[in-house]
$ cat final_29.csv   # CSV, C-alpha atoms
chain,number,residue,atom,x,y,z
A,1,MET,CA,-3.3,7.3,-20.5
A,2,GLU,CA,-6.2,4.9,-20.9
A,3,ASN,CA,-6.6,2.1,-23.5
A,4,GLN,CA,-8.8,2.9,-26.5
A,5,PRO,CA,-11.8,0.6,-27.3
A,6,ASN,CA,-10.9,-2.4,-29.5
A,7,GLN,CA,-7.2,-1.2,-29.6
A,8,MET,CA,-4.9,-3.9,-30.9
A,9,HIS,CA,-1.4,-4.5,-29.7
A,10,GLN,CA,1.6,-6.0,-31.5
A,11,ASN,CA,3.6,-9.1,-30.7
A,12,MET,CA,6.6,-9.4,-32.9
A,13,HIS,CA,6.1,-13.2,-33.2
A,14,THR,CA,2.4,-13.7,-33.4
A,15,GLY,CA,1.2,-10.3,-34.8
A,16,ASN,CA,-1.8,-8.5,-33.4
A,17,ILE,CA,-3.1,-9.5,-29.9
A,18,PRO,CA,-6.6,-8.6,-28.5
A,19,GLN,CA,-7.1,-6.1,-25.7
A,20,GLN,CA,-7.7,-8.7,-23.0
A,21,LEU,CA,-4.2,-10.2,-23.7
A,22,ASN,CA,-2.4,-6.8,-23.4
A,23,HIS,CA,-0.2,-8.0,-20.6
A,24,GLY,CA,3.5,-8.8,-20.3
A,25,ALA,CA,4.7,-12.0,-18.6
A,26,HIS,CA,6.1,-10.1,-15.6
A,27,GLU,CA,2.9,-8.2,-15.3
A,28,VAL,CA,0.7,-11.4,-15.3
A,29,LEU,CA,2.8,-13.0,-12.6
A,30,ASP,CA,3.0,-9.9,-10.4
A,31,VAL,CA,-0.8,-9.2,-10.7
A,32,GLN,CA,-1.5,-12.8,-9.8
A,33,GLU,CA,0.5,-12.2,-6.7
A,34,VAL,CA,-1.4,-9.0,-5.9
A,35,LEU,CA,-4.8,-10.8,-6.4
A,36,SER,CA,-3.7,-13.8,-4.3
A,37,GLY,CA,-2.4,-11.5,-1.6
A,38,THR,CA,-5.7,-9.5,-1.6
A,39,VAL,CA,-7.7,-12.7,-1.2
A,40,GLY,CA,-5.4,-13.6,1.8
A,41,THR,CA,-6.0,-10.1,3.3
A,42,LEU,CA,-9.8,-10.4,3.0
A,43,ASN,CA,-9.6,-13.9,4.5
A,44,THR,CA,-7.6,-12.5,7.4
A,45,TYR,CA,-10.2,-9.8,8.1
A,46,SER,CA,-12.9,-12.4,8.1
A,47,LEU,CA,-11.1,-14.8,10.4
A,48,LEU,CA,-10.1,-12.1,12.9
A,49,ARG,CA,-13.3,-10.2,13.0
A,50,GLN,CA,-14.8,-12.6,15.6
A,51,HIS,CA,-12.0,-11.8,18.1
A,52,VAL,CA,-12.8,-8.1,18.2
A,53,GLN,CA,-14.9,-6.6,21.0
A,54,ASP,CA,-14.0,-3.0,20.6
A,55,GLN,CA,-16.5,-1.2,18.4
A,56,GLU,CA,-14.0,1.3,17.1
A,57,LEU,CA,-11.7,-1.4,15.7
A,58,ALA,CA,-14.8,-3.4,14.5
A,59,GLY,CA,-15.9,-0.3,12.5
A,60,ILE,CA,-12.5,0.1,11.0
A,61,MET,CA,-12.3,-3.5,10.0
A,62,ASP,CA,-15.8,-3.4,8.4
A,63,ARG,CA,-15.1,-0.3,6.4
A,64,GLN,CA,-11.7,-1.5,5.3
A,65,TYR,CA,-13.0,-5.0,4.3
A,66,GLN,CA,-15.7,-3.5,2.1
A,67,PHE,CA,-13.2,-1.1,0.4
A,68,VAL,CA,-10.6,-3.8,-0.2
A,69,GLN,CA,-13.2,-6.1,-1.6
A,70,GLU,CA,-14.4,-3.5,-4.1
A,71,GLU,CA,-10.8,-2.6,-5.0
A,72,TYR,CA,-10.1,-6.3,-5.6
A,73,ASN,CA,-13.0,-6.6,-8.0
A,74,THR,CA,-11.9,-3.5,-9.9
A,75,THR,CA,-8.4,-4.8,-10.3
A,76,LEU,CA,-9.6,-8.2,-11.3
A,77,GLU,CA,-12.0,-6.7,-13.9
A,78,CYS,CA,-9.4,-4.5,-15.7
A,79,PHE,CA,-6.8,-7.4,-15.5
A,80,GLN,CA,-9.2,-9.8,-17.2
A,81,THR,CA,-10.5,-7.3,-19.9
A,82,GLY,CA,-7.5,-5.1,-20.4
A,83,LYS,CA,-10.0,-2.1,-20.4
A,84,ASP,CA,-11.1,0.6,-18.0
A,85,PRO,CA,-13.1,-0.9,-15.1
A,86,SER,CA,-16.9,-0.3,-15.1
A,87,LYS,CA,-16.5,1.4,-11.7
A,88,PRO,CA,-13.8,4.1,-11.3
A,89,THR,CA,-11.1,3.7,-8.6
A,90,GLN,CA,-11.9,5.3,-5.3
A,91,SER,CA,-9.8,6.9,-2.5
A,92,TYR,CA,-10.1,5.5,1.0
A,93,LYS,CA,-11.0,8.1,3.7
A,94,MET,CA,-10.4,7.3,7.4
A,95,ASN,CA,-12.8,8.6,10.0
A,96,GLN,CA,-10.4,9.5,12.8
A,97,ASP,CA,-7.9,12.3,13.1
A,98,ASN,CA,-4.1,11.8,12.6
A,99,ASP,CA,-2.8,12.8,16.0
A,100,PHE,CA,0.0,10.5,17.2
A,101,ILE,CA,1.1,10.3,20.8
A,102,TYR,CA,4.9,10.4,21.0
A,103,GLY,CA,7.0,8.8,23.7
A,104,LEU,CA,7.3,5.4,25.3
A,105,LYS,CA,5.2,4.0,28.1
A,106,PRO,CA,6.5,1.0,30.1
A,107,SER,CA,4.8,-2.2,28.8
A,108,GLN,CA,5.3,-6.0,28.8
A,109,PRO,CA,7.6,-7.4,26.1
A,110,LYS,CA,5.7,-8.6,23.0
A,111,LYS,CA,5.8,-12.3,22.1
A,112,PRO,CA,3.8,-14.7,19.9
A,113,ILE,CA,0.5,-15.9,21.3
A,114,GLN,CA,0.3,-19.6,22.4
A,115,SER,CA,-3.5,-20.1,21.8
A,116,VAL,CA,-6.4,-18.5,20.0
A,117,SER,CA,-7.9,-17.4,23.3
A,118,GLU,CA,-5.1,-14.8,23.5
A,119,MET,CA,-6.3,-13.0,20.4
A,120,ASN,CA,-7.3,-9.5,21.2
A,121,GLU,CA,-7.5,-6.0,19.7
A,122,GLU,CA,-3.7,-5.6,19.9
A,123,THR,CA,-2.9,-8.8,18.0
A,124,VAL,CA,-5.7,-8.4,15.5
A,125,SER,CA,-4.8,-4.8,14.6
A,126,GLY,CA,-1.2,-5.9,14.4
A,127,CYS,CA,-2.0,-8.7,11.9
A,128,LEU,CA,-4.1,-6.3,9.7
A,129,LEU,CA,-1.4,-3.6,9.8
A,130,GLY,CA,1.2,-6.1,8.6
A,131,ALA,CA,-1.1,-7.3,5.8
A,132,LEU,CA,-1.7,-3.8,4.5
A,133,LYS,CA,2.0,-2.9,4.6
A,134,SER,CA,2.8,-6.0,2.6
A,135,ALA,CA,0.0,-5.1,0.1
A,136,ALA,CA,1.4,-1.6,-0.4
A,137,SER,CA,4.8,-3.0,-1.3
A,138,MET,CA,3.4,-5.8,-3.5
A,139,LYS,CA,1.2,-3.4,-5.5
A,140,THR,CA,4.0,-0.9,-6.0
A,141,MET,CA,6.3,-3.6,-7.3
A,142,ALA,CA,3.6,-5.0,-9.6
A,143,ALA,CA,2.8,-1.5,-11.0
A,144,LEU,CA,6.4,-0.9,-11.9
A,145,GLU,CA,6.3,-4.1,-14.0
A,146,THR,CA,2.9,-3.6,-15.6
A,147,THR,CA,2.6,-2.8,-19.3
A,148,ASN,CA,-1.1,-2.5,-19.6
A,149,PRO,CA,-1.9,1.2,-18.9
A,150,VAL,CA,-5.2,0.7,-17.2
A,151,VAL,CA,-4.0,-2.1,-14.9
A,152,ARG,CA,-0.9,0.1,-14.1
A,153,ARG,CA,-3.1,3.0,-13.1
A,154,VAL,CA,-5.5,0.9,-11.0
A,155,LEU,CA,-2.5,-0.6,-9.1
A,156,ALA,CA,-0.9,2.8,-8.7
A,157,ASP,CA,-4.2,4.3,-7.4
A,158,SER,CA,-4.5,1.4,-4.9
A,159,VAL,CA,-1.1,2.0,-3.2
A,160,PRO,CA,-2.2,5.2,-1.4
A,161,ASN,CA,-5.3,3.4,-0.2
A,162,CYS,CA,-3.2,0.7,1.4
A,163,ILE,CA,-1.1,3.4,3.0
A,164,GLU,CA,-4.1,5.2,4.3
A,165,MET,CA,-5.7,2.1,5.8
A,166,ALA,CA,-2.4,1.1,7.4
A,167,TYR,CA,-2.1,4.6,8.8
A,168,GLU,CA,-5.6,4.4,10.3
A,169,LEU,CA,-4.7,1.1,12.0
A,170,SER,CA,-1.4,2.5,13.3
A,171,ILE,CA,-3.3,5.5,14.8
A,172,TYR,CA,-5.7,3.1,16.5
A,173,GLN,CA,-2.8,1.1,17.9
A,174,ASN,CA,-1.0,4.2,19.0
A,175,LYS,CA,-4.0,5.5,20.9
A,176,HIS,CA,-4.1,2.3,22.9
A,177,HIS,CA,-0.3,2.2,23.4
A,178,TYR,CA,0.0,-0.9,21.2
A,179,TYR,CA,2.2,1.0,18.8
A,180,GLN,CA,4.4,3.4,20.6
A,181,VAL,CA,6.5,6.1,18.8
A,182,PRO,CA,9.8,7.3,20.3
A,183,GLN,CA,11.3,10.6,19.3
A,184,PHE,CA,14.8,12.0,19.1
A,185,THR,CA,15.8,14.8,21.6
A,186,GLN,CA,14.9,18.3,20.4
A,187,GLN,CA,18.5,19.0,19.7
A,188,ASP,CA,19.0,15.9,17.6
A,189,MET,CA,15.7,16.5,15.9
A,190,GLN,CA,16.8,20.1,14.9
A,191,GLN,CA,20.1,18.8,13.6
A,192,MET,CA,18.3,16.1,11.5
A,193,LEU,CA,15.7,18.5,10.1
A,194,ASN,CA,18.4,21.0,9.0
A,195,ALA,CA,20.8,18.4,7.6
A,196,TYR,CA,20.0,19.3,4.0
A,197,ALA,CA,19.5,22.5,2.0
A,198,PRO,CA,17.3,23.2,-1.0
A,199,ALA,CA,18.6,22.3,-4.5
A,200,GLN,CA,19.3,25.1,-6.9
A,201,GLY,CA,20.4,25.7,-10.5
A,202,GLN,CA,20.0,23.4,-13.5
A,203,MET,CA,21.4,20.0,-14.3
A,204,PRO,CA,24.9,20.3,-15.9
A,205,ASN,CA,25.3,18.9,-19.4
A,206,ALA,CA,28.1,18.2,-21.8
A,207,ALA,CA,27.9,21.7,-23.4
A,208,GLN,CA,28.6,23.3,-20.0
A,209,GLY,CA,31.8,21.5,-19.5
A,210,GLN,CA,33.2,18.1,-18.8
A,211,MET,CA,32.0,16.0,-16.0
A,212,PRO,CA,34.4,15.5,-13.0
A,213,ASN,CA,37.0,12.8,-13.5
A,214,SER,CA,36.1,12.5,-17.2
A,215,ASN,CA,39.8,12.3,-18.1
A,216,ILE,CA,40.5,9.4,-15.9
A,217,PRO,CA,41.8,6.5,-18.1
A,218,HIS,CA,39.8,3.3,-18.0
$ encode --input "final_29.csv" --output "structure tokens"
Amino acid sequence: MENQPNQMHQNMHTGNIPQQLNHGAHEVLDVQEVLSGTVGTLNTYSLLRQHVQDQELAGIMDRQYQFVQEEYNTTLECFQTGKDPSKPTQSYKMNQDNDFIYGLKPSQPKKPIQSVSEMNEETVSGCLLGALKSAASMKTMAALETTNPVVRRVLADSVPNCIEMAYELSIYQNKHHYYQVPQFTQQDMQQMLNAYAPAQGQMPNAAQGQMPNSNIPH
């Protein structure tokens, strides 16, 4: 549901409040965290771009930076106005396929770098992946605390985009064996896949009988 033009909202202490102030205290603090975190993410892309030689990763970074920047502006606009943004929210589309390589290949143990000269595609893509995962969690928490319906929708629409961009980076890392994916044995996998059965029937209610243990004294 979207806000109506010039819609007024009620504060029990001060009366009507204008559209641009249609935000709860929790919301304001959480959205501030989202905006600050997004600025940090964009700064991270800018700082790390110079350390990338691989054109595939460079292309991913350029596309993602542009998308995150536009999404930041959309979030900022609706947060400041309390109204629908002038540009509708968009869905991020990655260019590559989603085929993962499963199994572990021997590799050197990972450790923190000791100098900037050690920055490479593995460390850069790892930093960006971490930033996007953090953004997805932060935006989800903020959306759950948001009272303004437009800001809530914009934040909620943004979460799948963070997931998609993180997925794109993880596929890139996986292809170069930076991010390896182990699997269970086929026997264990089958047992895990079949560990649950579909739910059936309707939710029981008081008219259908007492709930279990309802006669236990308190």
$ atom_distance --input "final_29.csv" --atom1 "CA of Glu27 in chain A" --atom2 "CA of Asp84 in chain A"
16.8 Å
$ closest_residue --input "final_29.csv" --among "A:Asp188, A:Tyr179, A:Leu128, A:Glu71" --to "Asp157 in chain A" --atoms "all atoms listed in the file"
A:Glu71
$ atom_distance --input "final_29.csv" --atom1 "CA of Asp99 in chain A" --atom2 "CA of Ala195 in chain A"
25.7 Å
$ atom_distance --input "final_29.csv" --atom1 "CA of Leu48 in chain A" --atom2 "CA of Tyr167 in chain A"
19.0 Å
$ residues_around --input "final_29.csv" --residues "Lys105 in chain A" --least-positions-apart "3" --cutoff "10 Å" --atoms "all atoms listed in the file" --output "PDB file with C-alpha atoms, in the frame of the given file"
ATOM      1  CA  TYR A 102       4.900  10.400  21.000  1.00  0.00           C
ATOM      2  CA  HIS A 177      -0.300   2.200  23.400  1.00  0.00           C
ATOM      3  CA  TYR A 178       0.000  -0.900  21.200  1.00  0.00           C
ATOM      4  CA  GLN A 180       4.400   3.400  20.600  1.00  0.00           C
ATOM      5  CA  VAL A 181       6.500   6.100  18.800  1.00  0.00           C
ATOM      6  CA  PRO A 182       9.800   7.300  20.300  1.00  0.00           C
TER       7      PRO A 182
END
$ closest_residue --input "final_29.csv" --among "A:Val154, A:Met141, A:Met94, A:Val31" --to "Ile171 in chain A" --atoms "all atoms listed in the file"
A:Met94
$ build_atoms --input "final_29.csv" --residues "range 111-141 of chain A" --atoms "N, CA and C atoms" --output "CSV table (one decimal), keeping the file's coordinate frame"
chain,number,residue,atom,x,y,z
A,111,LYS,N,5.4,-10.9,22.5
A,111,LYS,CA,5.8,-12.3,22.1
A,111,LYS,C,4.6,-12.9,21.4
A,112,PRO,N,4.9,-14.0,20.6
A,112,PRO,CA,3.8,-14.7,19.9
A,112,PRO,C,2.8,-15.3,20.9
A,113,ILE,N,1.5,-15.3,20.5
A,113,ILE,CA,0.5,-15.9,21.3
A,113,ILE,C,0.7,-17.4,21.3
A,114,GLN,N,0.2,-18.1,22.3
A,114,GLN,CA,0.3,-19.6,22.4
A,114,GLN,C,-1.1,-20.3,22.1
A,115,SER,N,-2.2,-19.5,22.1
A,115,SER,CA,-3.5,-20.1,21.8
A,115,SER,C,-4.4,-19.0,21.2
A,116,VAL,N,-5.5,-19.5,20.6
A,116,VAL,CA,-6.4,-18.5,20.0
A,116,VAL,C,-7.1,-17.7,21.0
A,117,SER,N,-7.2,-18.2,22.2
A,117,SER,CA,-7.9,-17.4,23.3
A,117,SER,C,-7.1,-16.1,23.7
A,118,GLU,N,-5.9,-16.0,23.3
A,118,GLU,CA,-5.1,-14.8,23.5
A,118,GLU,C,-5.3,-13.7,22.5
A,119,MET,N,-6.0,-14.0,21.5
A,119,MET,CA,-6.3,-13.0,20.4
A,119,MET,C,-7.1,-11.9,21.0
A,120,ASN,N,-6.6,-10.7,20.8
A,120,ASN,CA,-7.3,-9.5,21.2
A,120,ASN,C,-7.2,-8.3,20.2
A,121,GLU,N,-7.6,-7.1,20.6
A,121,GLU,CA,-7.5,-6.0,19.7
A,121,GLU,C,-6.1,-5.7,19.3
A,122,GLU,N,-5.1,-5.9,20.2
A,122,GLU,CA,-3.7,-5.6,19.9
A,122,GLU,C,-3.2,-6.6,18.8
A,123,THR,N,-3.5,-7.9,19.0
A,123,THR,CA,-2.9,-8.8,18.0
A,123,THR,C,-3.7,-8.7,16.7
A,124,VAL,N,-5.0,-8.5,16.7
A,124,VAL,CA,-5.7,-8.4,15.5
A,124,VAL,C,-5.3,-7.2,14.7
A,125,SER,N,-5.2,-6.0,15.3
A,125,SER,CA,-4.8,-4.8,14.6
A,125,SER,C,-3.4,-4.9,14.1
A,126,GLY,N,-2.5,-5.6,14.8
A,126,GLY,CA,-1.2,-5.9,14.4
A,126,GLY,C,-1.1,-6.7,13.1
A,127,CYS,N,-1.9,-7.8,13.1
A,127,CYS,CA,-2.0,-8.7,11.9
A,127,CYS,C,-2.5,-7.9,10.7
A,128,LEU,N,-3.5,-7.1,10.9
A,128,LEU,CA,-4.1,-6.3,9.7
A,128,LEU,C,-3.1,-5.3,9.2
A,129,LEU,N,-2.4,-4.6,10.2
A,129,LEU,CA,-1.4,-3.6,9.8
A,129,LEU,C,-0.3,-4.3,8.9
A,130,GLY,N,0.2,-5.4,9.3
A,130,GLY,CA,1.2,-6.1,8.6
A,130,GLY,C,0.7,-6.5,7.2
A,131,ALA,N,-0.5,-7.0,7.1
A,131,ALA,CA,-1.1,-7.3,5.8
A,131,ALA,C,-1.2,-6.1,4.8
A,132,LEU,N,-1.6,-5.0,5.4
A,132,LEU,CA,-1.7,-3.8,4.5
A,132,LEU,C,-0.3,-3.2,4.1
A,133,LYS,N,0.6,-3.3,5.0
A,133,LYS,CA,2.0,-2.9,4.6
A,133,LYS,C,2.5,-3.8,3.5
A,134,SER,N,2.3,-5.1,3.6
A,134,SER,CA,2.8,-6.0,2.6
A,134,SER,C,2.1,-5.7,1.3
A,135,ALA,N,0.8,-5.4,1.3
A,135,ALA,CA,0.0,-5.1,0.1
A,135,ALA,C,0.5,-3.9,-0.6
A,136,ALA,N,0.9,-2.9,0.2
A,136,ALA,CA,1.4,-1.6,-0.4
A,136,ALA,C,2.7,-1.9,-1.2
A,137,SER,N,3.6,-2.7,-0.6
A,137,SER,CA,4.8,-3.0,-1.3
A,137,SER,C,4.6,-3.9,-2.5
A,138,MET,N,3.7,-4.9,-2.4
A,138,MET,CA,3.4,-5.8,-3.5
A,138,MET,C,2.8,-5.1,-4.7
A,139,LYS,N,1.9,-4.2,-4.4
A,139,LYS,CA,1.2,-3.4,-5.5
A,139,LYS,C,2.2,-2.4,-6.2
A,140,THR,N,3.1,-1.9,-5.4
A,140,THR,CA,4.0,-0.9,-6.0
A,140,THR,C,5.0,-1.7,-6.9
A,141,MET,N,5.5,-2.8,-6.5
A,141,MET,CA,6.3,-3.6,-7.3
A,141,MET,C,5.6,-4.1,-8.6
